[in-house]
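Visitor: mmCIF, C-alpha atoms and all ligand atoms, saved as final.cif, coming up:
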```cif
data_my_file
loop_
_atom_site.group_PDB
_atom_site.id
_atom_site.type_symbol
_atom_site.label_atom_id
_atom_site.label_comp_id
_atom_site.auth_asym_id
_atom_site.auth_seq_id
_atom_site.Cartn_x
_atom_site.Cartn_y
_atom_site.Cartn_z
ATOM 1 C CA MET U 30 9.893 -1.092 37.304
ATOM 2 C CA PRO U 31 6.715 0.791 36.376
ATOM 3 C CA PHE U 32 6.385 4.395 37.577
ATOM 4 C CA LYS U 33 5.580 4.849 41.265
ATOM 5 C CA THR U 34 4.024 8.008 42.688
ATOM 6 C CA LYS U 35 6.256 9.434 45.402
ATOM 7 C CA GLU U 36 3.358 10.036 47.792
ATOM 8 C CA LYS U 37 1.703 6.662 47.737
ATOM 9 C CA LYS U 38 4.596 4.408 46.711
ATOM 10 C CA LYS U 39 1.963 2.531 44.820
ATOM 11 C CA GLU U 40 1.981 1.575 41.184
ATOM 12 C CA ARG U 41 -0.490 3.679 39.274
ATOM 13 C CA LYS U 42 -2.081 1.891 36.347
ATOM 14 C CA GLU U 43 -4.406 4.492 34.863
ATOM 15 C CA TYR U 44 -3.723 7.999 33.588
ATOM 16 C CA ILE U 45 -6.801 9.801 32.286
ATOM 17 C CA LEU U 46 -5.906 13.261 31.035
ATOM 18 C CA GLY U 47 -7.707 16.325 29.739
ATOM 19 C CA VAL U 48 -6.254 18.021 26.667
ATOM 20 C CA VAL U 49 -6.241 21.823 26.803
ATOM 21 C CA LEU U 50 -5.365 24.455 24.221
ATOM 22 C CA LYS U 51 -2.227 26.280 25.324
ATOM 23 C CA GLU U 52 -3.499 29.712 24.250
ATOM 24 C CA ASN U 53 -6.706 29.761 26.313
ATOM 25 C CA ASN U 54 -6.696 26.674 28.573
ATOM 26 C CA LYS U 55 -9.900 25.439 26.912
ATOM 27 C CA ILE U 56 -10.512 21.708 27.216
ATOM 28 C CA ILE U 57 -10.744 20.251 23.707
ATOM 29 C CA GLY U 58 -10.539 16.536 24.433
ATOM 30 C CA GLY U 59 -9.390 13.724 26.611
ATOM 31 C CA CYS U 60 -6.906 10.918 26.353
ATOM 32 C CA GLY U 61 -5.356 8.275 28.513
ATOM 33 C CA ILE U 62 -2.961 5.424 28.987
ATOM 34 C CA ASN U 63 -3.658 2.320 30.988
ATOM 35 C CA VAL U 64 -1.148 -0.270 32.180
ATOM 36 C CA SER U 65 -2.971 -3.487 31.324
ATOM 37 C CA SER U 66 -0.250 -5.881 32.490
ATOM 38 C CA LEU U 67 2.610 -5.095 34.867
ATOM 39 C CA ILE U 68 4.123 -8.536 34.300
ATOM 40 C CA ASN U 69 4.178 -8.144 30.527
ATOM 41 C CA GLN U 70 4.854 -4.395 30.680
ATOM 42 C CA GLU U 71 1.937 -3.761 28.379
ATOM 43 C CA GLY U 72 -0.429 -0.802 28.141
ATOM 44 C CA TRP U 73 -3.088 0.683 25.900
ATOM 45 C CA ILE U 74 -4.042 4.204 24.870
ATOM 46 C CA GLY U 75 -7.269 5.957 23.917
ATOM 47 C CA TYR U 76 -8.445 9.484 23.006
ATOM 48 C CA CYS U 77 -11.488 11.538 22.101
ATOM 49 C CA PHE U 78 -11.709 15.136 20.869
ATOM 50 C CA ASN U 79 -14.375 17.808 20.519
ATOM 51 C CA LYS U 80 -15.565 17.804 16.891
ATOM 52 C CA ASP U 81 -14.767 21.517 16.493
ATOM 53 C CA TYR U 82 -11.091 20.615 16.866
ATOM 54 C CA TRP U 83 -10.800 17.629 14.543
ATOM 55 C CA LYS U 84 -8.313 17.500 11.652
ATOM 56 C CA LYS U 85 -5.852 19.860 13.330
ATOM 57 C CA GLY U 86 -3.337 17.246 14.442
ATOM 58 C CA PHE U 87 -4.325 17.312 18.114
ATOM 59 C CA ALA U 88 -5.111 13.586 18.407
ATOM 60 C CA THR U 89 -1.811 12.690 16.758
ATOM 61 C CA GLU U 90 0.067 15.039 19.126
ATOM 62 C CA ALA U 91 -1.696 13.608 22.192
ATOM 63 C CA ALA U 92 -1.259 9.969 21.131
ATOM 64 C CA LYS U 93 2.432 10.548 20.441
ATOM 65 C CA ALA U 94 2.880 12.076 23.916
ATOM 66 C CA LEU U 95 1.070 9.148 25.555
ATOM 67 C CA VAL U 96 3.300 6.616 23.799
ATOM 68 C CA GLU U 97 6.424 8.539 24.797
ATOM 69 C CA PHE U 98 5.190 8.679 28.403
ATOM 70 C CA GLY U 99 4.434 4.955 28.366
ATOM 71 C CA PHE U 100 7.873 3.965 27.153
ATOM 72 C CA THR U 101 10.000 6.514 29.010
ATOM 73 C CA LYS U 102 8.140 6.875 32.340
ATOM 74 C CA LEU U 103 6.057 3.719 32.738
ATOM 75 C CA ASP U 104 8.727 1.359 31.417
ATOM 76 C CA LEU U 105 6.318 -0.362 29.057
ATOM 77 C CA HIS U 106 7.471 -2.810 26.406
ATOM 78 C CA ARG U 107 4.355 -2.788 24.249
ATOM 79 C CA ILE U 108 1.529 -0.274 23.811
ATOM 80 C CA TYR U 109 -1.613 -1.084 21.878
ATOM 81 C CA ALA U 110 -4.828 0.598 20.772
ATOM 82 C CA THR U 111 -8.008 -0.552 19.105
ATOM 83 C CA CYS U 112 -10.374 1.313 16.825
ATOM 84 C CA ASP U 113 -13.471 0.694 14.776
ATOM 85 C CA PRO U 114 -12.497 -0.309 11.207
ATOM 86 C CA LYS U 115 -14.802 2.482 9.996
ATOM 87 C CA ASN U 116 -12.882 5.054 12.021
ATOM 88 C CA ILE U 117 -10.440 6.197 9.327
ATOM 89 C CA ALA U 118 -9.229 9.143 11.420
ATOM 90 C CA SER U 119 -8.282 6.980 14.383
ATOM 91 C CA SER U 120 -6.526 4.418 12.161
ATOM 92 C CA LYS U 121 -4.533 7.268 10.638
ATOM 93 C CA VAL U 122 -3.583 8.613 14.080
ATOM 94 C CA LEU U 123 -2.293 5.209 15.155
ATOM 95 C CA GLU U 124 -0.341 4.697 11.933
ATOM 96 C CA LYS U 125 1.125 8.209 12.127
ATOM 97 C CA ILE U 126 2.530 7.558 15.607
ATOM 98 C CA GLY U 127 4.287 4.422 14.393
ATOM 99 C CA MET U 128 1.865 1.689 15.418
ATOM 100 C CA LYS U 129 1.496 -1.364 13.212
ATOM 101 C CA LYS U 130 -1.809 -3.022 12.451
ATOM 102 C CA GLU U 131 -1.687 -6.468 14.062
ATOM 103 C CA GLY U 132 -5.147 -7.741 13.485
ATOM 104 C CA HIS U 133 -8.844 -7.475 12.895
ATOM 105 C CA LEU U 134 -10.795 -8.508 15.991
ATOM 106 C CA ARG U 135 -14.216 -9.824 15.074
ATOM 107 C CA GLU U 136 -17.248 -8.696 17.099
ATOM 108 C CA ASN U 137 -15.180 -8.034 20.238
ATOM 109 C CA LYS U 138 -17.272 -5.041 21.367
ATOM 110 C CA LEU U 139 -20.945 -4.805 22.208
ATOM 111 C CA GLN U 140 -22.082 -1.257 21.519
ATOM 112 C CA LYS U 141 -25.689 -0.092 21.738
ATOM 113 C CA GLY U 142 -26.872 -3.680 21.324
ATOM 114 C CA SER U 143 -24.721 -4.466 18.267
ATOM 115 C CA TRP U 144 -21.484 -6.373 17.941
ATOM 116 C CA ARG U 145 -18.638 -4.335 16.547
ATOM 117 C CA ASP U 146 -15.285 -5.321 15.067
ATOM 118 C CA SER U 147 -11.988 -3.596 15.957
ATOM 119 C CA TYR U 148 -8.607 -3.145 14.378
ATOM 120 C CA LEU U 149 -5.740 -3.858 16.749
ATOM 121 C CA TYR U 150 -2.654 -1.644 16.493
ATOM 122 C CA ALA U 151 0.543 -1.732 18.588
ATOM 123 C CA ILE U 152 4.045 -0.366 18.901
ATOM 124 C CA LEU U 153 7.008 -1.954 20.717
ATOM 125 C CA GLU U 154 9.621 -0.101 22.762
ATOM 126 C CA HIS U 155 12.459 -0.794 20.307
ATOM 127 C CA GLU U 156 10.335 0.477 17.422
ATOM 128 C CA PHE U 157 9.676 3.690 19.364
ATOM 129 C CA LYS U 158 13.406 4.200 20.070
ATOM 130 C CA ARG U 159 14.236 3.703 16.409
HETATM 131 C C1 LIG V 201 -10.418 9.993 15.932
HETATM 132 C C2 LIG V 201 -10.132 11.398 16.403
HETATM 133 C C3 LIG V 201 -9.550 11.357 17.803
HETATM 134 C C4 LIG V 201 -9.117 12.054 15.434
HETATM 135 O O1 LIG V 201 -8.784 13.324 15.965
HETATM 136 P P1 LIG V 201 -8.102 14.468 15.104
HETATM 137 O O2 LIG V 201 -7.569 15.471 16.088
HETATM 138 O O3 LIG V 201 -9.024 14.937 14.053
HETATM 139 O O4 LIG V 201 -6.888 13.698 14.425
HETATM 140 P P2 LIG V 201 -5.675 14.381 13.666
HETATM 141 O O5 LIG V 201 -6.002 15.813 13.354
HETATM 142 O O6 LIG V 201 -4.436 14.104 14.442
HETATM 143 O O7 LIG V 201 -5.685 13.624 12.280
HETATM 144 C C5 LIG V 201 -5.057 12.391 12.055
HETATM 145 C C6 LIG V 201 -5.293 12.006 10.591
HETATM 146 O O8 LIG V 201 -6.663 11.622 10.411
HETATM 147 C C7 LIG V 201 -7.239 12.395 9.358
HETATM 148 N N1 LIG V 201 -8.642 12.608 9.658
HETATM 149 C C8 LIG V 201 -9.166 13.298 10.688
HETATM 150 N N2 LIG V 201 -10.511 13.231 10.647
HETATM 151 C C9 LIG V 201 -10.826 12.491 9.557
HETATM 152 C C10 LIG V 201 -12.031 12.048 8.984
HETATM 153 N N3 LIG V 201 -13.207 12.367 9.516
HETATM 154 N N4 LIG V 201 -11.975 11.276 7.871
HETATM 155 C C11 LIG V 201 -10.802 10.929 7.314
HETATM 156 N N5 LIG V 201 -9.596 11.295 7.828
HETATM 157 C C12 LIG V 201 -9.622 12.078 8.932
HETATM 158 C C13 LIG V 201 -6.434 13.681 9.351
HETATM 159 O O9 LIG V 201 -6.538 14.346 8.121
HETATM 160 C C14 LIG V 201 -5.033 13.141 9.628
HETATM 161 O O10 LIG V 201 -4.466 12.529 8.491
HETATM 162 P P3 LIG V 201 -3.365 13.272 7.605
HETATM 163 O O11 LIG V 201 -2.259 13.677 8.528
HETATM 164 O O12 LIG V 201 -2.978 12.242 6.617
HETATM 165 O O13 LIG V 201 -4.042 14.453 7.034
HETATM 166 C C15 LIG V 201 -11.413 12.262 16.435
HETATM 167 O O14 LIG V 201 -12.017 12.154 15.163
HETATM 168 C C16 LIG V 201 -12.401 11.851 17.502
HETATM 169 O O15 LIG V 201 -12.293 12.297 18.660
HETATM 170 N N6 LIG V 201 -13.367 11.012 17.155
HETATM 171 C C17 LIG V 201 -14.373 10.551 18.110
HETATM 172 C C18 LIG V 201 -13.796 9.630 19.189
HETATM 173 C C19 LIG V 201 -12.968 8.527 18.619
HETATM 174 O O16 LIG V 201 -13.249 7.985 17.552
HETATM 175 N N7 LIG V 201 -11.924 8.203 19.362
HETATM 176 C C20 LIG V 201 -11.015 7.139 18.982
HETATM 177 C C21 LIG V 201 -11.558 5.831 19.445
HETATM 178 S S1 LIG V 201 -10.534 4.528 18.839
#
```
Re-express the file's structure as structure tokens.
Guide:
Amino acid sequence: MPFKTKEKKKERKEYILGVVLKENNKIIGGCGINVSSLINQEGWIGYCFNKDYWKKGFATEAAKALVEFGFTKLDLHRIYATCDPKNIASSKVLEKIGMKKEGHLRENKLQKGSWRDSYLYAILEHEFKR
């Protein structure tokens, strides 16, 4: 069964987290995991970092931790993420944590008045364990 908080005995579906640097506790980004379907044990992850801290491996470290949390604590079977096809960095993060590209979603997001495509990536529990 998905993780239950001891206090509320209620299934929590959303975990939105700040990412801080260990050495000075400075917030450098945010990330999160969302249980999108309890029945199908499916969730999705997302992240965003301060530009001053890009290309240092922080997004990969955070995404890896989210996936581990999803499989080991939330009992998920499948975790997915989407990113803009132009977002090379995000595609690389998702590939580096073991996700596979499953598709190209056409005009699935309306952003600032324009339709935007997305790549769909996912990893399954047995792929994570391997
Ligand atoms: C996408 C994002 C989270 C990546 O964060 P990051 O901390 O720089 O990522 P990492 O340092 O873990 O890098 C992962 C890979 O992407 C590469 N990369 C990072 N920025 C890049 C860029 N601008 N262009 C090309 N590759 C890039 C890194 O070199 C690394 O690849 P490598 O290991 O082969 O060298 C960050 O750019 C960001 O916050 N962007 C704005 C918000 C966003 O796009 N969020 C994701 C929505 S899907």
Visitor: For each of U:Phe157, U:Tyr150, U:Tyr109, U:Tyr76, take the minimum atom-to-atom distance to ligand LIG 201 (chain V), counting only C-alpha atoms and all ligand atoms, then give the residue where this is smallest.
Guide: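 Looking at the shortest contact to ligand LIG 201 (chain V), the residue is U:Tyr76.
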Visitor: Once the PyMOL selection byres (((chain U and resi 65) around 12) and not hetatm) is applied to the coordinates I shared, what remains selected? I want it as an NGL selection string.
Guide: :U and (31 or 41-44 or 62-64 or 66-74 or 99 or 103 or 105-110)
Visitor: Rounded to one decimal place, report the CA of Leu46 (chain U)-CA of Arg145 (chain U) distance in Å.
Guide: 26.1 Å
Visitor: At a cut-off of 12 Å and counting only C-alpha atoms and all ligand atoms, what residues surround ligand LIG 201 (chain V)? Please answer as a PyMOL selection string.
Guide: chain U and resi 48+57-61+73-93+109-126+138+146-150
Visitor: Rounded to one decimal, what separation in Å do you get between CA of Glu154 (chain U) and CA of Glu97 (chain U)?
Guide: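 Answer for the CA of Glu154 (chain U) to CA of Glu97 (chain U) separation: 9.4 Å.
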Visitor: Pick the closest to Glu131 (chain U) from U:Leu153, U:Ser143, U:Glu40, U:Lys51: which is it, counting only C-alpha atoms?
Guide: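 For Glu131 (chain U), the nearest of the given residues is U:Leu153.
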Visitor: Do you have the CA of Leu134 (chain U)-CA of Glu156 (chain U) distance handy?
Guide: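 These atoms are spaced 23.0 Å apart.
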Visitor: What are the centre and edge lengths in Å, to one decimal, of the axis-aligned box around all listed atoms of region 101-110 of chain U with 3 Å added on each side, as AutoDock Vina command-line options?
Guide:
```
--center_x 2.6 --center_y 2.0 --center_z 26.8 --size_x 20.8 --size_y 15.7 --size_z 18.0
```
